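Below is one structure, written out as C-alpha cells, with a few remarks after it.
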Amino acid sequence: MARTILPSYFGTIEPHVRIERYDLSSRSGFSISVLNYGATIVGMNAPDRYGRKQNVVLAYDDVRSYREKRWYLGATIGRFANRIAGGEFELDGKRYVLSTNEGGNTLHGGVRGFDKAVWEKVQSRQVDGIAELILRHVSPDGDQGFPGELETTVRFMVGPGSNFEIHYVARTTRPTIVNLTNHSYFNLSGDPARAIDTHRLQLRASRYTPVDESLIPTGEIAPVEGTRYDLRAGPPLGSFDTNFVLDRNGPGLAPAASLHDPYSGRMLDVYTTEPGIQVFSGRGDSVALETQHFPDSPHYVQFPSTVVRPDHPFTSVTAYFFRLDGMR
C-alpha cells in the first residue's frame, strides 16, 4: 500500500516561498534527502564497514547558501550542464544568445539555471519498498536565451537496498538544446573535512575531450592511454575538471564509474544512459561525478547531439549503488 512521504521545513525565500526537504529511505536504512529548491540532493546516508551511517555528499545548512554560493552542491543542472562557448549557439539556421556567467561563456544553464528554481512536487510516496519523489519545473520560452518552453521532471527513486536512481524527462515546445545532470559532491569518508586524495576512482572511459585554458573543448576526442587521464585501473584520485567519453556498447544503463574510499570501506558504482561523465575534484574535499552529454556540444558535430525537438523528448537515467569493499 502506498504511503505519502511528507516534507519537512528547510527554509524560506522571498517572497515567503517555503522550501521543503523530502527524506526517501530504503528498508536497509539507506536514505537520500532532496530539496524542492533546485531539485537538490542535500543528504545521502550510507553505512561504512562498521555499520555507521553518514552523509557522503557535501551540503549547506541553509537556503541562503544555496542561492548565493557558486558550487552547485547537489543541484539538478539545466537547461544545459557544463559550458557553452561564447554564450551562443546556432540551431536550424538561427543564432541564440544566452546569459553568460563564466567570463563570456554560459555555465550550467546561465545566471539563473535550474539550480535556482523552486520545483513543483508532483508525487512523493513509498510503495513496495520503493521510495519515490517526482519534481517538475517549467522553463519558459526564452529563459536564459534558450528557445522553447521546456517542461522537465526529475524522479528520485530509492531502494530497497543501498541504491537509488535519477530519471530525467524534458519536453519542449520548440527545437532546443538540453543537457541535464546532478551535481552532487561525494566524500565517501563521511567527513567533509577529510581530503579525498586516498579515494580511488575507476572510469569505463578510454577517451576524453581535451580543453583550452577556459575549459572549453577543443573538439578533439583523445585517447587516455599514456596520460594522467587514464583512470581505467582505478588509481588514487587526482585533481580533474574533465569530461570523459564513456565506453558503451549500445543504449541503456551501462557502467560509468566506481569510487572507493579505503578509510570507510564505502564504494559507489555509477551507471548511466549518458555518453559522458564530468569528473570535478578540484576542491580537494570531494568529487563530482556528473553524467552528461559533452560540454559545448552545440559547436561540434562530432559530439553526441543535444538537440531536443517537440516530437522527441530528452530522457536520461543515472543509477547509484553503494556497497562495501570486498562485496558485490
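The way I read the labels, and the way they are meant: chains A, B, ... in the order of the C-alpha cells, residue 1 as the first residue of every chain, and ligand 1 as the first ligand shown, with later ones counted on from there.
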
Show me, as a Markdown table, the residues of segment 28-119 of chain A having an atom within 12 Å of segment 167-173 of chain A, each with the closest atom pair and its distance in Å, using only C-alpha atoms.
```
| residue | atom | partner | partner_atom | distance |
| --- | --- | --- | --- | --- |
| A:Ala39 | CA | A:Tyr168 | CA | 11.5 |
| A:Thr76 | CA | A:Tyr168 | CA | 9.9 |
| A:Ile77 | CA | A:Tyr168 | CA | 11.1 |
| A:Gly78 | CA | A:Ala170 | CA | 10.2 |
| A:Arg79 | CA | A:Ala170 | CA | 9.5 |
| A:Phe80 | CA | A:Ala170 | CA | 11.7 |
```

Run DSSP on the backbone and tell me which residues of segment 16-128 of chain A come out as strand (DSSP E); list them as an mmCIF file with all heavy atoms, in the first residue's frame.
```
data_model
loop_
_atom_site.group_PDB
_atom_site.id
_atom_site.type_symbol
_atom_site.label_atom_id
_atom_site.label_comp_id
_atom_site.auth_asym_id
_atom_site.auth_seq_id
_atom_site.Cartn_x
_atom_site.Cartn_y
_atom_site.Cartn_z
ATOM 1 N N VAL A 17 8.281 32.070 0.112
ATOM 2 C CA VAL A 17 8.180 30.770 -0.536
ATOM 3 C C VAL A 17 8.832 29.723 0.362
ATOM 4 O O VAL A 17 10.006 29.839 0.720
ATOM 5 C CB VAL A 17 8.862 30.781 -1.917
ATOM 6 C CG1 VAL A 17 8.822 29.393 -2.549
ATOM 7 C CG2 VAL A 17 8.184 31.799 -2.825
ATOM 8 N N ARG A 18 8.058 28.716 0.720
ATOM 9 C CA ARG A 18 8.534 27.667 1.626
ATOM 10 C C ARG A 18 9.391 26.654 0.853
ATOM 11 O O ARG A 18 8.968 26.148 -0.183
ATOM 12 C CB ARG A 18 7.340 26.967 2.270
ATOM 13 C CG ARG A 18 7.687 25.792 3.183
ATOM 14 C CD ARG A 18 6.422 25.118 3.672
ATOM 15 N NE ARG A 18 6.689 23.861 4.356
ATOM 16 C CZ ARG A 18 6.757 23.714 5.678
ATOM 17 N NH1 ARG A 18 6.558 24.767 6.443
ATOM 18 N NH2 ARG A 18 7.001 22.531 6.220
ATOM 19 N N ILE A 19 10.580 26.399 1.365
ATOM 20 C CA ILE A 19 11.459 25.381 0.792
ATOM 21 C C ILE A 19 11.371 24.141 1.673
ATOM 22 O O ILE A 19 11.526 24.217 2.896
ATOM 23 C CB ILE A 19 12.910 25.881 0.688
ATOM 24 C CG1 ILE A 19 12.965 27.167 -0.141
ATOM 25 C CG2 ILE A 19 13.799 24.799 0.080
ATOM 26 C CD1 ILE A 19 12.369 27.039 -1.535
ATOM 27 N N GLU A 20 11.132 22.997 1.028
ATOM 28 C CA GLU A 20 10.872 21.766 1.756
ATOM 29 C C GLU A 20 11.912 20.704 1.442
ATOM 30 O O GLU A 20 12.497 20.675 0.358
ATOM 31 C CB GLU A 20 9.467 21.255 1.419
ATOM 32 C CG GLU A 20 8.373 22.237 1.825
ATOM 33 C CD GLU A 20 6.985 21.770 1.431
ATOM 34 O OE1 GLU A 20 6.868 21.153 0.352
ATOM 35 O OE2 GLU A 20 6.035 22.002 2.209
ATOM 36 N N ARG A 21 12.113 19.829 2.415
ATOM 37 C CA ARG A 21 13.041 18.704 2.257
ATOM 38 C C ARG A 21 12.253 17.401 2.325
ATOM 39 O O ARG A 21 11.425 17.211 3.219
ATOM 40 C CB ARG A 21 14.093 18.718 3.366
ATOM 41 C CG ARG A 21 15.206 17.680 3.167
ATOM 42 C CD ARG A 21 16.101 17.616 4.373
ATOM 43 N NE ARG A 21 15.446 16.923 5.483
ATOM 44 C CZ ARG A 21 15.861 16.972 6.745
ATOM 45 N NH1 ARG A 21 16.896 17.719 7.066
ATOM 46 N NH2 ARG A 21 15.227 16.304 7.690
ATOM 47 N N TYR A 22 12.543 16.510 1.392
ATOM 48 C CA TYR A 22 11.922 15.194 1.348
ATOM 49 C C TYR A 22 12.983 14.146 1.662
ATOM 50 O O TYR A 22 14.052 14.132 1.050
ATOM 51 C CB TYR A 22 11.307 14.928 -0.028
ATOM 52 C CG TYR A 22 10.129 15.807 -0.342
ATOM 53 C CD1 TYR A 22 10.312 17.083 -0.867
ATOM 54 C CD2 TYR A 22 8.830 15.384 -0.087
ATOM 55 C CE1 TYR A 22 9.226 17.908 -1.143
ATOM 56 C CE2 TYR A 22 7.739 16.198 -0.363
ATOM 57 C CZ TYR A 22 7.938 17.452 -0.890
ATOM 58 O OH TYR A 22 6.858 18.274 -1.159
ATOM 59 N N ASP A 23 12.677 13.268 2.614
ATOM 60 C CA ASP A 23 13.592 12.202 3.008
ATOM 61 C C ASP A 23 13.076 10.878 2.470
ATOM 62 O O ASP A 23 11.980 10.429 2.829
ATOM 63 C CB ASP A 23 13.723 12.134 4.529
ATOM 64 C CG ASP A 23 14.273 13.420 5.123
ATOM 65 O OD1 ASP A 23 15.212 13.978 4.528
ATOM 66 O OD2 ASP A 23 13.753 13.868 6.165
ATOM 67 N N LEU A 24 13.866 10.257 1.600
ATOM 68 C CA LEU A 24 13.499 8.997 0.973
ATOM 69 C C LEU A 24 14.417 7.908 1.512
ATOM 70 O O LEU A 24 15.647 8.017 1.409
ATOM 71 C CB LEU A 24 13.649 9.077 -0.546
ATOM 72 C CG LEU A 24 13.068 10.297 -1.259
ATOM 73 C CD1 LEU A 24 13.339 10.210 -2.757
ATOM 74 C CD2 LEU A 24 11.585 10.421 -0.997
ATOM 75 N N SER A 25 13.844 6.864 2.089
ATOM 76 C CA SER A 25 14.669 5.832 2.722
ATOM 77 C C SER A 25 14.290 4.445 2.228
ATOM 78 O O SER A 25 13.164 4.209 1.766
ATOM 79 C CB SER A 25 14.533 5.898 4.245
ATOM 80 O OG SER A 25 13.189 5.696 4.637
ATOM 81 N N SER A 31 19.380 6.265 2.815
ATOM 82 C CA SER A 31 18.423 7.335 2.542
ATOM 83 C C SER A 31 19.083 8.461 1.772
ATOM 84 O O SER A 31 20.306 8.635 1.803
ATOM 85 C CB SER A 31 17.829 7.888 3.851
ATOM 86 O OG SER A 31 18.836 8.536 4.611
ATOM 87 N N ILE A 32 18.243 9.207 1.050
ATOM 88 C CA ILE A 32 18.672 10.466 0.460
ATOM 89 C C ILE A 32 17.661 11.529 0.863
ATOM 90 O O ILE A 32 16.498 11.223 1.171
ATOM 91 C CB ILE A 32 18.809 10.408 -1.075
ATOM 92 C CG1 ILE A 32 17.432 10.255 -1.746
ATOM 93 C CG2 ILE A 32 19.749 9.297 -1.509
ATOM 94 C CD1 ILE A 32 17.489 10.413 -3.268
ATOM 95 N N SER A 33 18.112 12.783 0.865
ATOM 96 C CA SER A 33 17.237 13.915 1.170
ATOM 97 C C SER A 33 17.326 14.910 0.031
ATOM 98 O O SER A 33 18.423 15.217 -0.445
ATOM 99 C CB SER A 33 17.650 14.589 2.479
ATOM 100 O OG SER A 33 17.546 13.687 3.567
ATOM 101 N N VAL A 34 16.163 15.400 -0.414
ATOM 102 C CA VAL A 34 16.079 16.247 -1.605
ATOM 103 C C VAL A 34 15.262 17.488 -1.290
ATOM 104 O O VAL A 34 14.183 17.400 -0.692
ATOM 105 C CB VAL A 34 15.433 15.487 -2.788
ATOM 106 C CG1 VAL A 34 15.389 16.372 -4.036
ATOM 107 C CG2 VAL A 34 16.172 14.183 -3.064
ATOM 108 N N LEU A 35 15.764 18.661 -1.709
ATOM 109 C CA LEU A 35 15.019 19.911 -1.583
ATOM 110 C C LEU A 35 14.208 20.163 -2.848
ATOM 111 O O LEU A 35 14.628 19.794 -3.954
ATOM 112 C CB LEU A 35 15.963 21.094 -1.387
ATOM 113 C CG LEU A 35 16.893 21.107 -0.185
ATOM 114 C CD1 LEU A 35 17.691 22.409 -0.177
ATOM 115 C CD2 LEU A 35 16.133 20.919 1.117
ATOM 116 N N THR A 40 17.506 19.575 -5.369
ATOM 117 C CA THR A 40 18.864 19.436 -4.840
ATOM 118 C C THR A 40 18.965 18.317 -3.822
ATOM 119 O O THR A 40 18.189 18.256 -2.865
ATOM 120 C CB THR A 40 19.289 20.766 -4.189
ATOM 121 O OG1 THR A 40 19.310 21.797 -5.187
ATOM 122 C CG2 THR A 40 20.656 20.656 -3.549
ATOM 123 N N ILE A 41 19.958 17.438 -4.001
ATOM 124 C CA ILE A 41 20.254 16.405 -3.015
ATOM 125 C C ILE A 41 21.103 17.017 -1.902
ATOM 126 O O ILE A 41 22.202 17.520 -2.153
ATOM 127 C CB ILE A 41 20.997 15.223 -3.655
ATOM 128 C CG1 ILE A 41 20.088 14.517 -4.672
ATOM 129 C CG2 ILE A 41 21.464 14.226 -2.586
ATOM 130 C CD1 ILE A 41 20.777 13.417 -5.458
ATOM 131 N N VAL A 42 20.591 16.979 -0.673
ATOM 132 C CA VAL A 42 21.312 17.552 0.464
ATOM 133 C C VAL A 42 21.780 16.483 1.442
ATOM 134 O O VAL A 42 22.510 16.795 2.394
ATOM 135 C CB VAL A 42 20.454 18.585 1.217
ATOM 136 C CG1 VAL A 42 20.130 19.766 0.320
ATOM 137 C CG2 VAL A 42 19.172 17.961 1.753
ATOM 138 N N GLY A 43 21.381 15.244 1.226
ATOM 139 C CA GLY A 43 21.805 14.162 2.100
ATOM 140 C C GLY A 43 21.823 12.846 1.357
ATOM 141 O O GLY A 43 20.980 12.594 0.495
ATOM 142 N N MET A 44 22.819 12.007 1.691
ATOM 143 C CA MET A 44 22.919 10.672 1.121
ATOM 144 C C MET A 44 23.614 9.821 2.182
ATOM 145 O O MET A 44 24.831 9.855 2.323
ATOM 146 C CB MET A 44 23.717 10.709 -0.185
ATOM 147 C CG MET A 44 23.533 9.519 -1.086
ATOM 148 S SD MET A 44 24.498 9.690 -2.607
ATOM 149 C CE MET A 44 23.725 11.130 -3.372
ATOM 150 N N ASN A 45 22.814 9.111 2.980
ATOM 151 C CA ASN A 45 23.336 8.436 4.160
ATOM 152 C C ASN A 45 23.561 6.957 3.881
ATOM 153 O O ASN A 45 22.617 6.202 3.636
ATOM 154 C CB ASN A 45 22.374 8.618 5.330
ATOM 155 C CG ASN A 45 22.285 10.075 5.753
ATOM 156 O OD1 ASN A 45 23.211 10.620 6.334
ATOM 157 N ND2 ASN A 45 21.164 10.719 5.420
ATOM 158 N N ALA A 46 24.844 6.546 3.917
ATOM 159 C CA ALA A 46 25.225 5.180 3.603
ATOM 160 C C ALA A 46 26.106 4.637 4.719
ATOM 161 O O ALA A 46 26.905 5.381 5.314
ATOM 162 C CB ALA A 46 25.974 5.131 2.270
ATOM 163 N N PRO A 47 26.011 3.331 5.022
ATOM 164 C CA PRO A 47 26.819 2.759 6.103
ATOM 165 C C PRO A 47 28.271 2.519 5.684
ATOM 166 O O PRO A 47 28.558 2.260 4.514
ATOM 167 C CB PRO A 47 26.116 1.424 6.377
ATOM 168 C CG PRO A 47 25.485 1.055 5.064
ATOM 169 C CD PRO A 47 25.071 2.355 4.442
ATOM 170 N N LYS A 53 26.169 5.008 9.689
ATOM 171 C CA LYS A 53 25.581 5.738 8.556
ATOM 172 C C LYS A 53 25.988 7.202 8.644
ATOM 173 O O LYS A 53 25.820 7.853 9.680
ATOM 174 C CB LYS A 53 24.066 5.596 8.555
ATOM 175 C CG LYS A 53 23.572 4.179 8.302
ATOM 176 C CD LYS A 53 22.060 4.129 8.220
ATOM 177 C CE LYS A 53 21.598 2.721 7.899
ATOM 178 N NZ LYS A 53 21.866 1.775 9.023
ATOM 179 N N GLN A 54 26.537 7.711 7.546
ATOM 180 C CA GLN A 54 26.974 9.104 7.481
ATOM 181 C C GLN A 54 26.601 9.692 6.139
ATOM 182 O O GLN A 54 26.432 8.968 5.145
ATOM 183 C CB GLN A 54 28.495 9.184 7.674
ATOM 184 C CG GLN A 54 28.982 8.774 9.052
ATOM 185 C CD GLN A 54 30.493 8.619 9.086
ATOM 186 O OE1 GLN A 54 31.052 7.749 8.445
ATOM 187 N NE2 GLN A 54 31.157 9.503 9.842
ATOM 188 N N ASN A 55 26.470 11.025 6.116
ATOM 189 C CA ASN A 55 26.182 11.726 4.870
ATOM 190 C C ASN A 55 27.458 11.761 4.024
ATOM 191 O O ASN A 55 28.490 12.261 4.466
ATOM 192 C CB ASN A 55 25.701 13.145 5.166
ATOM 193 C CG ASN A 55 25.199 13.860 3.924
ATOM 194 O OD1 ASN A 55 25.099 13.280 2.854
ATOM 195 N ND2 ASN A 55 24.882 15.139 4.074
ATOM 196 N N THR A 76 20.168 19.880 -9.365
ATOM 197 C CA THR A 76 19.851 19.481 -10.729
ATOM 198 C C THR A 76 20.281 20.621 -11.649
ATOM 199 O O THR A 76 19.896 21.768 -11.448
ATOM 200 C CB THR A 76 18.351 19.203 -10.894
ATOM 201 O OG1 THR A 76 18.014 18.060 -10.088
ATOM 202 C CG2 THR A 76 17.988 18.926 -12.343
ATOM 203 N N ILE A 77 21.089 20.298 -12.661
ATOM 204 C CA ILE A 77 21.681 21.304 -13.534
ATOM 205 C C ILE A 77 20.962 21.306 -14.881
ATOM 206 O O ILE A 77 20.778 20.274 -15.511
ATOM 207 C CB ILE A 77 23.178 21.030 -13.753
ATOM 208 C CG1 ILE A 77 23.916 20.989 -12.404
ATOM 209 C CG2 ILE A 77 23.777 22.077 -14.676
ATOM 210 C CD1 ILE A 77 23.874 22.271 -11.621
ATOM 211 N N ARG A 83 29.612 23.751 -20.078
ATOM 212 C CA ARG A 83 29.870 25.048 -20.708
ATOM 213 C C ARG A 83 29.409 25.104 -22.162
ATOM 214 O O ARG A 83 29.495 24.117 -22.889
ATOM 215 C CB ARG A 83 31.364 25.360 -20.627
ATOM 216 C CG ARG A 83 31.838 25.563 -19.201
ATOM 217 C CD ARG A 83 33.344 25.594 -19.095
ATOM 218 N NE ARG A 83 33.736 25.911 -17.711
ATOM 219 C CZ ARG A 83 33.863 24.994 -16.757
ATOM 220 N NH1 ARG A 83 33.642 23.710 -17.022
ATOM 221 N NH2 ARG A 83 34.209 25.353 -15.525
ATOM 222 N N ILE A 84 28.962 26.308 -22.552
ATOM 223 C CA ILE A 84 28.700 26.640 -23.957
ATOM 224 C C ILE A 84 29.566 27.852 -24.288
ATOM 225 O O ILE A 84 29.405 28.931 -23.701
ATOM 226 C CB ILE A 84 27.220 26.940 -24.206
ATOM 227 C CG1 ILE A 84 26.366 25.705 -23.893
ATOM 228 C CG2 ILE A 84 27.004 27.392 -25.651
ATOM 229 C CD1 ILE A 84 24.869 25.927 -24.044
ATOM 230 N N GLU A 88 26.559 31.366 -26.905
ATOM 231 C CA GLU A 88 25.686 31.390 -28.070
ATOM 232 C C GLU A 88 25.764 30.057 -28.793
ATOM 233 O O GLU A 88 26.714 29.295 -28.619
ATOM 234 C CB GLU A 88 26.068 32.527 -29.027
ATOM 235 C CG GLU A 88 27.509 32.494 -29.524
ATOM 236 C CD GLU A 88 27.749 31.537 -30.662
ATOM 237 O OE1 GLU A 88 26.786 31.280 -31.422
ATOM 238 O OE2 GLU A 88 28.880 31.028 -30.788
ATOM 239 N N PHE A 89 24.731 29.762 -29.593
ATOM 240 C CA PHE A 89 24.739 28.582 -30.447
ATOM 241 C C PHE A 89 23.770 28.809 -31.593
ATOM 242 O O PHE A 89 22.920 29.704 -31.560
ATOM 243 C CB PHE A 89 24.354 27.318 -29.666
ATOM 244 C CG PHE A 89 22.906 27.259 -29.235
ATOM 245 C CD1 PHE A 89 21.967 26.569 -29.985
ATOM 246 C CD2 PHE A 89 22.484 27.904 -28.073
ATOM 247 C CE1 PHE A 89 20.631 26.514 -29.592
ATOM 248 C CE2 PHE A 89 21.159 27.858 -27.670
ATOM 249 C CZ PHE A 89 20.230 27.155 -28.436
ATOM 250 N N GLU A 90 23.902 27.982 -32.611
ATOM 251 C CA GLU A 90 23.025 28.061 -33.776
ATOM 252 C C GLU A 90 22.247 26.766 -33.914
ATOM 253 O O GLU A 90 22.799 25.676 -33.751
ATOM 254 C CB GLU A 90 23.841 28.315 -35.045
ATOM 255 C CG GLU A 90 22.987 28.565 -36.280
ATOM 256 C CD GLU A 90 23.806 28.942 -37.493
ATOM 257 O OE1 GLU A 90 24.488 29.987 -37.437
ATOM 258 O OE2 GLU A 90 23.764 28.189 -38.484
ATOM 259 N N LEU A 91 20.959 26.893 -34.202
ATOM 260 C CA LEU A 91 20.101 25.728 -34.375
ATOM 261 C C LEU A 91 19.103 26.005 -35.493
ATOM 262 O O LEU A 91 18.420 27.044 -35.473
ATOM 263 C CB LEU A 91 19.357 25.413 -33.064
ATOM 264 C CG LEU A 91 18.390 24.237 -33.075
ATOM 265 C CD1 LEU A 91 19.096 22.932 -33.456
ATOM 266 C CD2 LEU A 91 17.709 24.089 -31.715
ATOM 267 N N LYS A 94 19.242 29.469 -37.026
ATOM 268 C CA LYS A 94 19.009 30.653 -36.202
ATOM 269 C C LYS A 94 20.008 30.691 -35.049
ATOM 270 O O LYS A 94 20.298 29.671 -34.424
ATOM 271 C CB LYS A 94 17.578 30.671 -35.651
ATOM 272 C CG LYS A 94 17.256 31.929 -34.846
ATOM 273 C CD LYS A 94 15.792 31.969 -34.427
ATOM 274 C CE LYS A 94 15.484 33.231 -33.629
ATOM 275 N NZ LYS A 94 14.066 33.312 -33.217
ATOM 276 N N ARG A 95 20.536 31.890 -34.762
ATOM 277 C CA ARG A 95 21.502 32.072 -33.684
ATOM 278 C C ARG A 95 20.786 32.494 -32.403
ATOM 279 O O ARG A 95 19.922 33.377 -32.415
ATOM 280 C CB ARG A 95 22.535 33.133 -34.072
ATOM 281 C CG ARG A 95 23.597 33.411 -33.007
ATOM 282 C CD ARG A 95 24.670 34.325 -33.575
ATOM 283 N NE ARG A 95 25.666 34.700 -32.587
ATOM 284 C CZ ARG A 95 25.656 35.838 -31.910
ATOM 285 N NH1 ARG A 95 24.685 36.734 -32.134
ATOM 286 N NH2 ARG A 95 26.600 36.108 -31.021
ATOM 287 N N TYR A 96 21.157 31.865 -31.298
ATOM 288 C CA TYR A 96 20.573 32.173 -29.999
ATOM 289 C C TYR A 96 21.675 32.671 -29.063
ATOM 290 O O TYR A 96 22.760 32.076 -28.982
ATOM 291 C CB TYR A 96 19.899 30.938 -29.399
ATOM 292 C CG TYR A 96 18.709 30.469 -30.197
ATOM 293 C CD1 TYR A 96 18.844 29.495 -31.174
ATOM 294 C CD2 TYR A 96 17.449 31.021 -29.987
ATOM 295 C CE1 TYR A 96 17.757 29.065 -31.921
ATOM 296 C CE2 TYR A 96 16.346 30.605 -30.726
ATOM 297 C CZ TYR A 96 16.510 29.634 -31.694
ATOM 298 O OH TYR A 96 15.432 29.216 -32.429
ATOM 299 N N VAL A 97 21.404 33.768 -28.388
ATOM 300 C CA VAL A 97 22.353 34.374 -27.452
ATOM 301 C C VAL A 97 21.883 34.087 -26.032
ATOM 302 O O VAL A 97 20.731 34.381 -25.676
ATOM 303 C CB VAL A 97 22.474 35.891 -27.688
ATOM 304 C CG1 VAL A 97 23.426 36.507 -26.673
ATOM 305 C CG2 VAL A 97 22.958 36.168 -29.109
ATOM 306 N N THR A 106 28.654 30.405 -21.101
ATOM 307 C CA THR A 106 27.485 30.007 -20.314
ATOM 308 C C THR A 106 27.817 28.717 -19.577
ATOM 309 O O THR A 106 28.200 27.719 -20.191
ATOM 310 C CB THR A 106 26.267 29.773 -21.217
ATOM 311 O OG1 THR A 106 25.960 30.995 -21.900
ATOM 312 C CG2 THR A 106 25.057 29.336 -20.412
ATOM 313 N N LEU A 107 27.683 28.739 -18.250
ATOM 314 C CA LEU A 107 27.980 27.581 -17.413
ATOM 315 C C LEU A 107 26.715 27.116 -16.708
ATOM 316 O O LEU A 107 26.026 27.901 -16.060
ATOM 317 C CB LEU A 107 29.055 27.925 -16.381
ATOM 318 C CG LEU A 107 29.373 26.848 -15.340
ATOM 319 C CD1 LEU A 107 29.991 25.620 -16.001
ATOM 320 C CD2 LEU A 107 30.297 27.397 -14.253
ATOM 321 N N GLU A 120 8.136 22.143 -8.471
ATOM 322 C CA GLU A 120 6.817 21.709 -8.005
ATOM 323 C C GLU A 120 6.848 20.217 -7.695
ATOM 324 O O GLU A 120 7.343 19.417 -8.489
ATOM 325 C CB GLU A 120 5.774 21.979 -9.090
ATOM 326 C CG GLU A 120 4.404 21.397 -8.797
ATOM 327 C CD GLU A 120 3.522 21.344 -10.033
ATOM 328 O OE1 GLU A 120 3.977 21.771 -11.117
ATOM 329 O OE2 GLU A 120 2.385 20.838 -9.912
ATOM 330 N N LYS A 121 6.321 19.859 -6.528
ATOM 331 C CA LYS A 121 6.215 18.442 -6.209
ATOM 332 C C LYS A 121 5.040 17.829 -6.982
ATOM 333 O O LYS A 121 3.908 18.311 -6.898
ATOM 334 C CB LYS A 121 5.994 18.222 -4.720
ATOM 335 C CG LYS A 121 6.030 16.743 -4.312
ATOM 336 C CD LYS A 121 5.193 16.433 -3.104
ATOM 337 C CE LYS A 121 3.710 16.468 -3.451
ATOM 338 N NZ LYS A 121 2.822 16.079 -2.338
ATOM 339 N N VAL A 122 5.314 16.768 -7.716
ATOM 340 C CA VAL A 122 4.279 16.035 -8.431
ATOM 341 C C VAL A 122 3.820 14.840 -7.620
ATOM 342 O O VAL A 122 2.624 14.553 -7.520
ATOM 343 C CB VAL A 122 4.788 15.573 -9.817
ATOM 344 C CG1 VAL A 122 3.736 14.717 -10.527
ATOM 345 C CG2 VAL A 122 5.179 16.771 -10.671
ATOM 346 N N GLN A 123 4.775 14.159 -7.007
ATOM 347 C CA GLN A 123 4.440 12.948 -6.246
ATOM 348 C C GLN A 123 5.544 12.654 -5.246
ATOM 349 O O GLN A 123 6.725 12.843 -5.532
ATOM 350 C CB GLN A 123 4.278 11.762 -7.202
ATOM 351 C CG GLN A 123 3.859 10.462 -6.546
ATOM 352 C CD GLN A 123 3.468 9.431 -7.585
ATOM 353 O OE1 GLN A 123 2.330 9.364 -8.027
ATOM 354 N NE2 GLN A 123 4.420 8.616 -7.983
ATOM 355 N N SER A 124 5.148 12.182 -4.058
ATOM 356 C CA SER A 124 6.113 11.692 -3.062
ATOM 357 C C SER A 124 5.442 10.533 -2.334
ATOM 358 O O SER A 124 4.447 10.724 -1.635
ATOM 359 C CB SER A 124 6.507 12.796 -2.083
ATOM 360 O OG SER A 124 5.372 13.287 -1.383
ATOM 361 N N ARG A 125 5.988 9.349 -2.504
ATOM 362 C CA ARG A 125 5.318 8.183 -1.927
ATOM 363 C C ARG A 125 6.312 7.046 -1.705
ATOM 364 O O ARG A 125 7.417 7.043 -2.275
ATOM 365 C CB ARG A 125 4.204 7.694 -2.842
ATOM 366 C CG ARG A 125 4.684 7.168 -4.188
ATOM 367 C CD ARG A 125 3.550 6.602 -5.011
ATOM 368 N NE ARG A 125 4.028 5.982 -6.248
ATOM 369 C CZ ARG A 125 3.282 5.238 -7.049
ATOM 370 N NH1 ARG A 125 2.012 5.038 -6.749
ATOM 371 N NH2 ARG A 125 3.798 4.701 -8.129
ATOM 372 N N GLN A 126 5.903 6.099 -0.873
ATOM 373 C CA GLN A 126 6.665 4.884 -0.656
ATOM 374 C C GLN A 126 5.712 3.710 -0.841
ATOM 375 O O GLN A 126 4.644 3.644 -0.234
ATOM 376 C CB GLN A 126 7.284 4.851 0.742
ATOM 377 C CG GLN A 126 8.196 3.659 0.970
ATOM 378 C CD GLN A 126 9.338 3.979 1.914
ATOM 379 O OE1 GLN A 126 9.410 5.071 2.459
ATOM 380 N NE2 GLN A 126 10.250 3.040 2.100
ATOM 381 N N VAL A 127 6.105 2.773 -1.716
ATOM 382 C CA VAL A 127 5.262 1.628 -2.004
ATOM 383 C C VAL A 127 6.136 0.450 -2.393
ATOM 384 O O VAL A 127 7.081 0.597 -3.179
ATOM 385 C CB VAL A 127 4.237 1.955 -3.122
ATOM 386 C CG1 VAL A 127 4.922 2.402 -4.403
ATOM 387 C CG2 VAL A 127 3.312 0.775 -3.387
#
```

Tell me, as a PyMOL selection string, which residues lie within 10 Å of segment 141-143 of chain A, counting only C-alpha atoms; anything in the same chain fewer than 2 positions away does not count. chain A and resi 79+96-99+109-110+112-113+138-139+145-150+172-174+176

Computed interatomic separation between atom CA of Glu225 of chain A and atom CA of Ser206 of chain A (Å): 7.1 Å

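Among the candidates A:Leu268, A:Ile134, A:Val245, A:Ala254, the residue lying nearest to Phe303 of chain A is A:Val245 (atoms considered: only C-alpha atoms).
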
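The closest residue to Gly252 of chain A, picked from A:Ala193, A:Val317, A:Ile177, A:Val57 and counting only C-alpha atoms, is A:Val317.
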
May I have the residues within 10 Å of Asp197 of chain A as a VMD selection string, using only C-alpha atoms and disregarding those fewer than 6 positions away in the same chain? chain A and resid 236 to 239 261 281 284 to 286

Would you compute the distance between atom CA of Phe321 of chain A and atom CA of Ser162 of chain A? Give it in Å to one decimal. 6.2 Å

Segment 42-281 of chain A: residues DSSP assigns to helix (DSSP H, G or I), reported as a compact mmCIF listing (two decimals) with C-alpha atoms, in the first residue's frame:
```txt
# COMPACT_ATOMS: atom_id res chain seq x y z
CA VAL A 63 18.69 28.08 1.73
CA ARG A 64 20.62 31.34 1.50
CA SER A 65 23.85 29.44 0.84
CA TYR A 66 22.21 27.50 -2.00
CA ARG A 67 21.04 30.78 -3.52
CA GLU A 68 24.31 32.69 -3.21
CA ALA A 85 31.46 28.71 -25.53
CA GLY A 86 30.74 32.36 -26.17
CA GLY A 87 27.25 32.10 -24.69
CA PHE A 114 17.51 25.06 -12.85
CA ASP A 115 19.55 25.03 -9.62
CA LYS A 116 17.91 28.37 -8.70
CA ASP A 143 14.59 31.58 -20.40
CA GLN A 144 18.32 32.50 -20.21
CA GLY A 145 18.13 32.81 -24.01
```

Two-atom distance - atom CA of Val211 of chain A, atom CA of Val270 of chain A (Å): 24.3 Å

Could you pull the residues within 12 Å of Pro223 of chain A, counting only C-alpha atoms, minus those fewer than 5 positions along the same chain, as a ChimeraX atom specification? /A:205-210,228-232,244-247

Between A:Trp119, A:Phe186, A:Phe240, A:Phe322, which is the closest to Pro160 of chain A once you count only C-alpha atoms? A:Phe322
